[in-house]
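> Sending over a structure as structure tokens; questions will come in a sec.
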Amino acid sequence: MMVPGWLMPLMLQASGAEPPVLPPQPPEVTPEDQGPPPVDNESIEGRRRPGYTGPLPDAVTQANPGAVRAPPPEAFPTDQIPIPDRWRLIETLGLVKERWFDPYNQNTLKGDRPLNPDRVPFITGQDWFFAANLVSDTVLEPRTFPIPVGVQTTSRPQSLDVFGKDASYVASQTIIASAALIKGSTAFKPPDVEYRMTLALNMNYVDVPERRVLHVEPSKPTHRFDHFLGVQEAFIDYHIRNVSERYDFDSVRVGIQPFQADFRGFLFNDQQLGVRLFGNRDNNRFQYNLAAFWRLEKDTNSGLNSVVQRPRDDFVLLANVYRQDFLIPALTSQVTVAYNRNREGDEIEVDDNGFPVRPSLLGTLRGHDYDVLYLGYNADGRVGRINVTASAYAALGEDQNNFFTDREADIRAYFGAAELSYDRDWMRFRLSGAWASGDADPFDDTEGGFDAIFENPIFAGADTSYWIRQTIPFAGGGRAVALSGRNGLLNSLRSSKEQGQSNFNNPGLMLLGVGADFDLTPEVRLSGNANHLWFENTSTLQALRMEGSIPKSIGWDLSAAGIWRPKATQNLVFRLSAATLIAGDGFRDLFDNTDGSKAYYSVLANAIVSY
């Protein structure tokens, strides 16, 4: 029989027995005293209570009968650590299959991964890269410019004027092949060693309406086909040392190499034989160049380097330094000092077409030596929302023989240029200005016309511009002399920028222009430029032409261009541009044509295919 718990003490007391000592009972817990409910760790996805460890999954056992146990670490040599070939990992996994002709995907011939030392016996190590480049540059260019009539004869009977027909046609094909052998992972640091060779084969055809334009002999036809193979690069680049953990460095480069003295190529932009010491400091915010160049002779019709001829007696010593975020943040400042020493005054050089190029056929027709020191400041960057590029140069020196006076003359010439641009979404609007001093008095002992060493400016429309693209022969004042040269901005009055000497007896230049670029898609860009040009001083032109006065206005240079990149890369680039020069009073005073047209045009079709 079961006895209720409350009755047990009474029964024990009645029997005289001591009641047992019962353990204390826990107090009755009410809902208010239970505290907060336990946290539901799955109530918020991705969150759990700190310190909470959920149940572990069941242990996984793996049975692999017959497997060979991996060697222990002590079984490997201590001086070698096996590292997988990360460069060929994606091909091993079957993600990419290399094809030698494919420039878009991983390719050993493009330097995307190192050479295999097992297959290339003359290298050691896993950090040698080979990079090959092949470029086809095709140009078709119908154009008009003032063309003088031959002195001895003409292609058209009864053509007795100074200027004849102005239409001509140029077709040019250039194949550029380049190969480089590079040691080092250049994505993170400068190369330890680089050997590079670049050859360029040019074939060109020109057709003009007048004789003695392409050849000095009047008996030769008015068209010409020519070809030339030039060495554009052949150098060794050696990494001397690193000077910081972020790969600030010093390197030296010896041989035929490209060099650009400033941001836009106003002073010296060429590929010449030289020695260059260069490097950087302060996490690449400070950069420097110390260079010496011995200028090579150029082929007349292609402009390529001719290594089969003796280099010129023309030397360039150059030093420049770059500093980022100076004078203001987002602006890179550069100071350039260049010395040009020319000793070709006693030489007579005739170009491949039979025309004298040194000395120029101007004035007394005598050669000259000169020493010129260029001091320049250049800036490139941003000031707020405005993109800024600016250059300023002073040319100071001495000319041993002024071709007007046959006396020594001091050189005091100056140059300045600036381009401001503003970006608005897919549009960029540009404002350009340039000024080059002209010689005010050709017969004094000071030459004040600015000239560069070898200009190739990227400015005011570049080679889309008519004035920059075309050569303007200075007929009637000098034979085989150009007022302004091809791919040049300055009115330098020299036989050519490739083979002629600098000339500081010139009329100078003033330019003011506007332009715009429109990136319609990543593949298509449209550009337009409008420049107005003047002579800075016409005293030199008046002396050479024996005229009392010549107006300063050159005219309006209007151009438009379209660029199409089908793959949105630089491997395929097609460009079509058109430009016109609407002659001003000064240009019409100097030049003319049989038809009496006041406008000259240039059309450029260019196709660049790169591997």
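By order of appearance in the structure tokens: chains A, B, ..., then residues from 1 within every chain, and ligands from 1 in the order shown.
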Name all residues at most 10 Å from range 347-350 of chain A (count only C-alpha atoms; drop same-chain ones fewer than 6 positions away) and give them as a PDB file with C-alpha atoms, in the first residue's frame.


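The resulting file, result_18.pdb, is reproduced below:
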```
ATOM      1  CA  THR A 300      66.153  59.720 -96.752  1.00  0.00           C
ATOM      2  CA  ASP A 313      79.252  64.404 -85.885  1.00  0.00           C
ATOM      3  CA  PRO A 356      72.275  68.491-100.619  1.00  0.00           C
ATOM      4  CA  VAL A 357      71.158  68.311 -96.979  1.00  0.00           C
ATOM      5  CA  ARG A 358      74.289  69.559 -95.167  1.00  0.00           C
ATOM      6  CA  PRO A 359      74.799  72.430 -95.483  1.00  0.00           C
ATOM      7  CA  SER A 360      71.332  73.702 -96.326  1.00  0.00           C
ATOM      8  CA  ARG A 366      78.153  77.645 -96.065  1.00  0.00           C
ATOM      9  CA  GLY A 367      78.128  75.031 -93.327  1.00  0.00           C
ATOM     10  CA  HIS A 368      78.158  75.787 -89.631  1.00  0.00           C
ATOM     11  CA  GLN A 499      69.504  64.609 -92.000  1.00  0.00           C
ATOM     12  CA  GLY A 500      69.677  68.398 -91.718  1.00  0.00           C
TER      13      GLY A 500
END
```

> Fewer than 6 positions away in the same chain doesn't count, so skip those; otherwise give me all residues within 10 Å of Tyr169 in chain A, counting only C-alpha atoms, as a list in words.

Leu140, Glu141, Pro142, Arg143, Thr144, Tyr205, Val206, Asp207, Val208, Pro209, His223, Ser602 and Val603 of chain A

> Nearest to Leu576 in chain A: which of A:Ala599, A:Ile608, A:Ile411, A:Ile550 is it, counting only C-alpha atoms?

A:Ile608

> So how far away is CA of Leu109 in chain A from CA of Thr124 in chain A, in Å?

17.7 Å

> CA of Ser539 in chain A and CA of Phe403 in chain A, how far apart in Å?

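Value for the CA of Phe403 in chain A-CA of Ser539 in chain A distance: 14.5 Å.
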
> Write out as a ChimeraX atom specification the set of residues from range 342-379 of chain A that DSSP, computed on the backbone, places in strand (DSSP E or B).

/A:342,349-350,356-358,361,370-379

> Can you list every residue of range 431-461 of chain A that has an atom at most 12 Å from range 529-537 of chain A, with its nearest atom pair and the distance in Å to one decimal, using only C-alpha atoms, ordered by chain then number, as a tab-separated table?


```
residue	atom	partner	partner_atom	distance
A:Leu431	CA	A:Asn529	CA	9.6
A:Ser432	CA	A:Asn531	CA	8.3
A:Gly433	CA	A:Asn531	CA	9.0
A:Ala434	CA	A:Leu533	CA	9.4
A:Trp435	CA	A:Glu536	CA	7.8
A:Ala436	CA	A:Glu536	CA	7.1
A:Ser437	CA	A:Glu536	CA	6.2
A:Gly438	CA	A:Asn537	CA	5.1
A:Asp439	CA	A:Asn537	CA	6.5
A:Ala440	CA	A:Asn537	CA	6.2
A:Asp441	CA	A:Asn537	CA	9.3
A:Pro442	CA	A:Asn537	CA	10.8
A:Gly448	CA	A:Asn537	CA	9.9
A:Gly449	CA	A:Asn537	CA	8.8
A:Phe450	CA	A:Glu536	CA	10.5
A:Phe459	CA	A:Asn529	CA	10.5
A:Ala460	CA	A:Asn529	CA	7.1
A:Gly461	CA	A:Asn529	CA	6.1
```

> Could you name the residues that touch Leu489 in chain A at 10 Å or less, counting only C-alpha atoms, but leaving out those on the same chain fewer than 5 positions away, as a PyMOL selection string?

chain A and resi 266+434+436+451-452+455-460+462-463+465+467-470+484+509+511
